[in-house]
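Undergrad: target-v5.cif is reproduced below (mmCIF, C-alpha atoms and all ligand atoms).
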data_work
#
loop_
_atom_site.label_atom_id
_atom_site.label_comp_id
_atom_site.auth_asym_id
_atom_site.auth_seq_id
_atom_site.Cartn_x
_atom_site.Cartn_y
_atom_site.Cartn_z
CA MET J 1327 171.35 110.85 68.73
CA PRO J 1328 167.58 110.39 68.09
CA THR J 1329 165.53 113.41 66.95
CA VAL J 1330 161.99 114.50 67.76
CA SER J 1331 161.09 113.49 64.22
CA SER J 1332 162.22 109.89 64.83
CA MET J 1333 160.48 109.81 68.24
CA LEU J 1334 157.19 110.80 66.58
CA GLU J 1335 157.61 108.10 63.96
CA ASN J 1336 157.44 105.59 66.81
CA LYS J 1337 154.65 107.10 68.89
CA GLY J 1338 152.60 108.94 66.24
CA ARG J 1339 151.66 112.58 65.91
CA HIS J 1340 148.33 112.66 67.66
CA VAL J 1341 148.04 115.21 70.49
CA TRP J 1342 145.19 115.30 73.00
CA THR J 1343 144.00 118.90 73.26
CA ILE J 1344 141.40 120.90 75.18
CA GLY J 1345 139.81 124.35 74.81
CA PRO J 1346 140.61 127.11 77.34
CA ASP J 1347 136.94 127.56 78.28
CA GLN J 1348 136.34 123.94 79.16
CA THR J 1349 136.38 123.05 82.85
CA VAL J 1350 139.34 121.54 84.65
CA PHE J 1351 137.04 118.61 85.50
CA ASP J 1352 136.59 117.89 81.76
CA ALA J 1353 140.37 118.07 81.35
CA LEU J 1354 140.91 115.56 84.18
CA LEU J 1355 138.36 113.20 82.62
CA ASP J 1356 140.16 113.46 79.26
CA MET J 1357 143.58 112.85 80.82
CA ALA J 1358 142.29 109.79 82.67
CA GLU J 1359 140.49 108.41 79.61
CA HIS J 1360 143.50 108.81 77.33
CA GLY J 1361 146.14 107.89 79.90
CA VAL J 1362 148.14 111.11 79.51
CA GLY J 1363 149.54 113.57 82.05
CA ALA J 1364 149.01 116.78 80.09
CA LEU J 1365 146.73 118.37 77.49
CA VAL J 1366 147.75 121.09 75.06
CA VAL J 1367 145.32 124.01 75.20
CA VAL J 1368 144.26 125.09 71.71
CA GLU J 1369 142.07 128.03 70.66
CA HIS J 1370 141.36 128.95 67.02
CA ASP J 1371 143.99 126.41 65.89
CA GLN J 1372 146.68 128.09 68.00
CA VAL J 1373 148.52 126.65 70.99
CA VAL J 1374 147.61 128.99 73.87
CA GLY J 1375 148.69 126.97 76.89
CA ILE J 1376 149.33 123.59 78.49
CA LEU J 1377 147.58 121.95 81.41
CA SER J 1378 149.16 119.07 83.31
CA GLU J 1379 148.18 117.03 86.35
CA ARG J 1380 150.64 119.16 88.29
CA ASP J 1381 148.58 122.30 87.61
CA TYR J 1382 145.61 120.53 89.16
CA ALA J 1383 147.65 119.38 92.14
CA ARG J 1384 149.11 122.83 92.79
CA LYS J 1385 146.40 125.29 91.77
CA ILE J 1386 143.02 123.79 92.65
CA ILE J 1387 142.75 122.34 96.15
CA LEU J 1388 145.46 124.53 97.64
CA PHE J 1389 143.59 127.65 96.47
CA ASN J 1390 140.14 126.43 97.53
CA ARG J 1391 138.97 126.07 93.94
CA THR J 1392 136.93 123.22 92.53
CA SER J 1393 137.67 121.51 89.23
CA ARG J 1394 133.98 121.61 88.18
CA THR J 1395 133.78 125.41 88.19
CA THR J 1396 137.36 126.40 87.31
CA LEU J 1397 138.15 126.92 83.64
CA VAL J 1398 141.26 125.52 81.99
CA ARG J 1399 142.44 129.05 81.12
CA GLU J 1400 142.52 129.99 84.82
CA ILE J 1401 145.19 127.45 85.75
CA MET J 1402 146.96 126.55 82.48
CA THR J 1403 150.59 127.54 81.91
CA ALA J 1404 151.31 130.08 79.16
CA PRO J 1405 153.33 130.72 77.14
CA VAL J 1406 154.20 127.14 76.21
CA VAL J 1407 157.77 126.11 75.49
CA THR J 1408 157.75 124.11 72.25
CA CYS J 1409 160.31 122.21 70.20
CA GLY J 1410 160.91 121.48 66.52
CA LEU J 1411 161.10 118.20 64.60
CA ASP J 1412 164.86 118.64 64.20
CA TRP J 1413 165.62 118.88 67.94
CA ASP J 1414 167.69 115.98 69.27
CA ALA J 1415 166.89 114.05 72.44
CA GLN J 1416 169.66 115.74 74.42
CA ARG J 1417 168.32 119.22 73.66
CA CYS J 1418 164.79 118.16 74.71
CA MET J 1419 166.15 116.65 77.92
CA ARG J 1420 168.15 119.80 78.71
CA VAL J 1421 165.14 122.11 78.29
CA MET J 1422 162.81 119.85 80.30
CA THR J 1423 165.33 119.44 83.10
CA GLU J 1424 166.20 123.14 83.28
CA ARG J 1425 162.56 124.28 83.14
CA ARG J 1426 161.30 121.44 85.36
CA PHE J 1427 158.49 120.12 83.19
CA ARG J 1428 157.89 116.81 81.42
CA HIS J 1429 156.11 117.73 78.18
CA LEU J 1430 157.21 119.46 74.99
CA PRO J 1431 154.63 120.11 72.26
CA VAL J 1432 156.14 119.96 68.77
CA LEU J 1433 155.48 122.72 66.24
CA GLU J 1434 155.94 122.43 62.47
CA ASP J 1435 155.39 125.62 60.48
CA GLY J 1436 153.69 127.10 63.53
CA ARG J 1437 151.17 124.27 63.82
CA LEU J 1438 150.91 121.55 66.44
CA ALA J 1439 152.62 118.44 65.02
CA GLY J 1440 152.99 116.18 68.07
CA ILE J 1441 154.15 116.10 71.67
CA VAL J 1442 157.07 114.41 73.39
CA SER J 1443 157.16 113.57 77.09
CA ILE J 1444 160.25 113.04 79.17
CA GLY J 1445 159.39 109.30 79.05
CA ASP J 1446 159.54 109.34 75.23
CA VAL J 1447 162.90 111.12 75.34
CA VAL J 1448 164.44 108.75 77.89
CA LYS J 1449 163.15 105.73 75.95
CA SER J 1450 164.68 106.99 72.70
CA ILE J 1451 168.05 107.62 74.39
CA ILE J 1452 168.09 104.12 75.94
CA GLN J 1453 167.21 102.51 72.57
CA ASP J 1454 169.96 104.50 70.89
CA GLN J 1455 172.52 103.46 73.51
CA GLN J 1456 171.38 99.82 73.25
CA PHE J 1457 171.94 99.98 69.49
CA THR J 1458 175.46 101.39 69.98
CA ILE J 1459 176.29 98.66 72.53
CA GLU J 1460 175.08 95.92 70.16
CA GLN J 1461 177.14 97.37 67.31
CA LEU J 1462 180.26 97.56 69.48
CA ALA J 1463 179.72 93.98 70.69
CA ALA J 1464 179.36 92.76 67.10
CA TYR J 1465 182.49 94.69 66.12
CA MET J 1466 184.47 93.19 69.00
CA GLN J 1467 183.41 89.67 68.00
CA MET J 1468 184.57 90.30 64.44
CA ALA J 1469 187.88 91.99 65.29
CA PRO J 1470 190.90 89.68 65.45
CA ALA J 1471 192.23 89.31 68.98
CA GLY J 1472 195.40 91.36 69.33
P1 LIG Q 1 154.73 118.60 83.84
O1 LIG Q 1 156.00 118.26 84.56
O2 LIG Q 1 154.89 118.57 82.35
O3 LIG Q 1 153.55 117.83 84.33
O4 LIG Q 1 154.41 120.15 84.13
C1 LIG Q 1 154.86 120.88 85.26
C2 LIG Q 1 154.40 122.33 85.10
O5 LIG Q 1 155.00 122.88 83.90
C3 LIG Q 1 152.90 122.54 84.91
O6 LIG Q 1 152.55 123.77 85.50
C4 LIG Q 1 152.71 122.60 83.40
O7 LIG Q 1 151.58 123.36 83.00
C5 LIG Q 1 153.99 123.28 82.97
N1 LIG Q 1 154.46 122.83 81.65
C6 LIG Q 1 154.54 121.56 81.19
N2 LIG Q 1 155.03 121.52 79.96
C7 LIG Q 1 155.28 122.80 79.60
C8 LIG Q 1 155.81 123.42 78.43
N3 LIG Q 1 156.21 122.73 77.37
N4 LIG Q 1 155.90 124.80 78.42
C9 LIG Q 1 155.53 125.51 79.51
N5 LIG Q 1 155.05 124.99 80.64
C10 LIG Q 1 154.92 123.64 80.69
#
Output the structure of this file as structure tokens.

TA:
Amino acid sequence: MPTVSSMLENKGRHVWTIGPDQTVFDALLDMAEHGVGALVVVEHDQVVGILSERDYARKIILFNRTSRTTLVREIMTAPVVTCGLDWDAQRCMRVMTERRFRHLPVLEDGRLAGIVSIGDVVKSIIQDQQFTIEQLAAYMQMAPAG
């Protein structure tokens, strides 16, 4: 079963972050520019929240707010559920499914060390299963017919 550590080897450890006192409009621009669905909110080197497109969809227009005057801290989710490098894909999937979100920031020694999305987790599971299938197929070709 793939681990968070192996997932980050493939995708890299960079995380797009934003400060809590920046506007939601700035956050949306950043998400669009970088092609991501969530930003980790960092203040004084500490993870203090997470903001995803869903927060915008559910907490701005429906509450008569505007993204240009609302601060990230007003609609971000806190505390953030995080994972460790040693977590396996199944554990990540379980937490994301149970808590109904699609992003898990990774902490190493209390510091932000990456982020995995549900897409990264699904991809790693499919690759792992593909590998197992190929190994079984090779084994079956080698084994004498009985
Ligand atoms: P998502 O499905 O990741 O776009 O997020 C759905 C909701 O869950 C949004 O309100 C996010 O702010 C929140 N959320 C996403 N990831 C996390 C996380 N790791 N810990 C806590 N809340 C989160």

Undergrad: Around (143.2, 119.3, 73.0) in the file's frame, which residues reach within 9 Å when counting all atoms listed in the file? Return as a list in words?

TA: Val1341, Trp1342, Thr1343, Ile1344, Gly1345, Ala1353, Leu1365, Val1366, Val1367 and Val1368 of chain J

Undergrad: Compile a residue-level contact table for stretch 1352-1376 of chain J against stretch 1404-1424 of chain J at a cut-off of 7 Å, reporting for every qualifying residue the shortest atom pair and its distance in Å to one decimal, with all atoms listed in the file counted, rows ordered by chain and ascending number, as a Markdown table.

TA:
| residue | atom | partner | partner_atom | distance |
| --- | --- | --- | --- | --- |
| J:Val1374 | CA | J:Ala1404 | CA | 6.5 |
| J:Gly1375 | CA | J:Ala1404 | CA | 4.7 |
| J:Ile1376 | CA | J:Val1406 | CA | 6.4 |

Undergrad: Which polymer residues have any atom within 12 Å of an atom of J:Asp1352, counting all atoms listed in the file, with same-chain residues fewer than 2 positions away left out, as a list in words?

TA: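 The neighbour list is Thr1343, Ile1344, Gly1345, Pro1346, Asp1347, Gln1348, Thr1349, Val1350, Leu1354, Leu1355, Asp1356, Met1357, Ala1358, Glu1359, Leu1365, Leu1377, Tyr1382, Ser1393, Arg1394, Thr1395, Thr1396, Leu1397 and Val1398 of chain J.
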
Undergrad: Under the rule that only C-alpha atoms and all ligand atoms are counted, which of J:Ser1331, J:Ser1450, J:Ser1443, J:Gln1372 is the nearest residue to ligand LIG 1 (chain Q)?

TA: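 Result for the nearest residue to ligand LIG 1 (chain Q): J:Ser1443.
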
Undergrad: Calculated over only C-alpha atoms and all ligand atoms, which of the candidates J:Lys1449, J:Arg1391, J:Lys1385, J:Arg1380 has the smallest distance to ligand LIG 1 (chain Q)?

TA: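 Closest candidate: J:Arg1380.
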
Undergrad: Tell me, in Å to one decimal, how far atom N2 of ligand LIG 1 (chain Q) is from atom CA of J:Leu1334.

TA: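 Going from atom N2 of ligand LIG 1 (chain Q) over to atom CA of J:Leu1334 covers 17.3 Å.
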
Undergrad: Please, what distance in Å, to one decimal, runs between atom CA of J:Leu1438 and atom CA of J:Ala1383?

TA: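 One can read the atom CA of J:Leu1438 to atom CA of J:Ala1383 distance as 26.0 Å.
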
Undergrad: Report, in Å to a single decimal, how far apart atom CA of J:Gly1436 and atom CA of J:Asp1454 are.

TA: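 Computed distance, atom CA of J:Asp1454 to atom CA of J:Gly1436, equals 28.8 Å.
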
Undergrad: Give the answer as one residue: which of J:Thr1329, J:Ser1378, J:Thr1392, J:Thr1458 has the shortest atom-to-atom distance to ligand LIG 1 (chain Q), using all atoms listed in the file?

TA: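 Answer, going by the shortest atom-to-atom distance: J:Ser1378.
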
Undergrad: For J:Pro1328, which residue out of J:Ala1364, J:Val1432, J:Ala1439, J:Ile1451 is the nearest one, using all atoms listed in the file?

TA: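 Nearest to J:Pro1328: J:Ile1451.
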
Undergrad: So, counting all atoms listed in the file, which residue among J:Ile1444, J:Leu1388, J:Ala1464, J:Val1330 is closest to ligand LIG 1 (chain Q)?

TA: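 The closest residue to ligand LIG 1 (chain Q) is J:Ile1444.
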
Undergrad: Of the candidates J:Ile1452, J:Met1466, J:Met1402, J:Ile1459, which one gets nearest to ligand LIG 1 (chain Q) if we count all atoms listed in the file?

TA: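 Nearest candidate to ligand LIG 1 (chain Q) out of J:Ile1452, J:Met1466, J:Met1402, J:Ile1459: J:Met1402.
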
Undergrad: If you take every atom of stretch 1419-1430 of chain J that the file lists and fit an axis-aligned box around them with 6 Å extra on each side, what centre and edge lengths come out in Å to one decimal, as lines of an AutoDock Vina configuration file?

TA:
center_x = 162.1
center_y = 120.5
center_z = 80.2
size_x = 24.0
size_y = 19.6
size_z = 22.4

Undergrad: Would you mind putting all heavy atoms back on stretch 1375-1386 of chain J and writing the result as a compact mmCIF listing (two decimals), in the coordinates of the input?

TA:
# COMPACT_ATOMS: atom_id res chain seq x y z
N GLY J 1375 148.26 127.35 75.54
CA GLY J 1375 148.69 126.97 76.89
C GLY J 1375 148.86 125.47 77.00
O GLY J 1375 148.69 124.72 76.03
N ILE J 1376 149.24 125.04 78.21
CA ILE J 1376 149.33 123.59 78.49
C ILE J 1376 148.83 123.38 79.91
O ILE J 1376 149.02 124.23 80.79
CB ILE J 1376 150.79 123.08 78.29
CG1 ILE J 1376 150.85 121.55 78.41
CG2 ILE J 1376 151.76 123.72 79.26
CD1 ILE J 1376 152.13 120.93 77.83
N LEU J 1377 148.13 122.27 80.09
CA LEU J 1377 147.58 121.95 81.41
C LEU J 1377 148.06 120.55 81.76
O LEU J 1377 147.82 119.61 81.01
CB LEU J 1377 146.05 121.96 81.35
CG LEU J 1377 145.38 121.70 82.70
CD1 LEU J 1377 145.26 123.02 83.46
CD2 LEU J 1377 144.01 121.09 82.51
N SER J 1378 148.74 120.42 82.90
CA SER J 1378 149.16 119.07 83.31
C SER J 1378 148.57 118.75 84.67
O SER J 1378 148.02 119.61 85.36
CB SER J 1378 150.70 118.97 83.33
OG SER J 1378 151.21 119.33 84.59
N GLU J 1379 148.70 117.46 85.04
CA GLU J 1379 148.18 117.03 86.35
C GLU J 1379 148.79 117.88 87.46
O GLU J 1379 148.15 118.11 88.48
CB GLU J 1379 148.56 115.56 86.58
CG GLU J 1379 147.77 114.61 85.70
CD GLU J 1379 148.42 113.23 85.59
OE1 GLU J 1379 149.64 113.10 85.85
OE2 GLU J 1379 147.71 112.29 85.24
N ARG J 1380 149.99 118.35 87.25
CA ARG J 1380 150.64 119.16 88.29
C ARG J 1380 149.91 120.49 88.51
O ARG J 1380 149.86 121.00 89.63
CB ARG J 1380 152.10 119.40 87.91
CG ARG J 1380 152.89 119.95 89.06
CD ARG J 1380 154.36 119.82 88.87
NE ARG J 1380 154.82 118.44 88.91
CZ ARG J 1380 156.09 118.09 88.73
NH1 ARG J 1380 157.00 119.00 88.49
NH2 ARG J 1380 156.44 116.82 88.79
N ASP J 1381 149.35 121.05 87.44
CA ASP J 1381 148.58 122.30 87.61
C ASP J 1381 147.38 122.04 88.51
O ASP J 1381 147.01 122.87 89.34
CB ASP J 1381 148.12 122.82 86.24
CG ASP J 1381 149.30 123.25 85.38
OD1 ASP J 1381 150.12 124.04 85.87
OD2 ASP J 1381 149.42 122.77 84.24
N TYR J 1382 146.75 120.88 88.31
CA TYR J 1382 145.61 120.53 89.16
C TYR J 1382 146.08 120.39 90.61
O TYR J 1382 145.49 120.95 91.54
CB TYR J 1382 144.96 119.23 88.67
CG TYR J 1382 143.90 118.75 89.62
CD1 TYR J 1382 142.69 119.41 89.72
CD2 TYR J 1382 144.13 117.65 90.44
CE1 TYR J 1382 141.71 119.00 90.61
CE2 TYR J 1382 143.16 117.22 91.33
CZ TYR J 1382 141.96 117.90 91.42
OH TYR J 1382 141.01 117.50 92.31
N ALA J 1383 147.17 119.65 90.79
CA ALA J 1383 147.65 119.38 92.14
C ALA J 1383 148.03 120.68 92.87
O ALA J 1383 147.81 120.82 94.07
CB ALA J 1383 148.86 118.45 92.07
N ARG J 1384 148.57 121.64 92.13
CA ARG J 1384 149.11 122.83 92.79
C ARG J 1384 148.17 124.02 92.80
O ARG J 1384 148.34 124.95 93.60
CB ARG J 1384 150.41 123.25 92.10
CG ARG J 1384 151.45 122.15 92.19
CD ARG J 1384 152.82 122.70 92.37
NE ARG J 1384 153.75 121.61 92.63
CZ ARG J 1384 154.92 121.50 92.04
NH1 ARG J 1384 155.31 122.41 91.18
NH2 ARG J 1384 155.71 120.49 92.35
N LYS J 1385 147.18 124.04 91.89
CA LYS J 1385 146.40 125.29 91.77
C LYS J 1385 144.91 125.14 92.07
O LYS J 1385 144.18 126.10 91.96
CB LYS J 1385 146.57 125.85 90.35
CG LYS J 1385 148.02 126.17 89.99
CD LYS J 1385 148.14 126.62 88.55
CE LYS J 1385 149.56 126.63 88.05
NZ LYS J 1385 149.65 126.76 86.59
N ILE J 1386 144.46 123.95 92.38
CA ILE J 1386 143.02 123.79 92.65
C ILE J 1386 142.76 123.69 94.15
O ILE J 1386 142.31 124.66 94.77
CB ILE J 1386 142.45 122.57 91.88
CG1 ILE J 1386 142.49 122.82 90.37
CG2 ILE J 1386 141.03 122.27 92.32
CD1 ILE J 1386 141.48 123.84 89.86
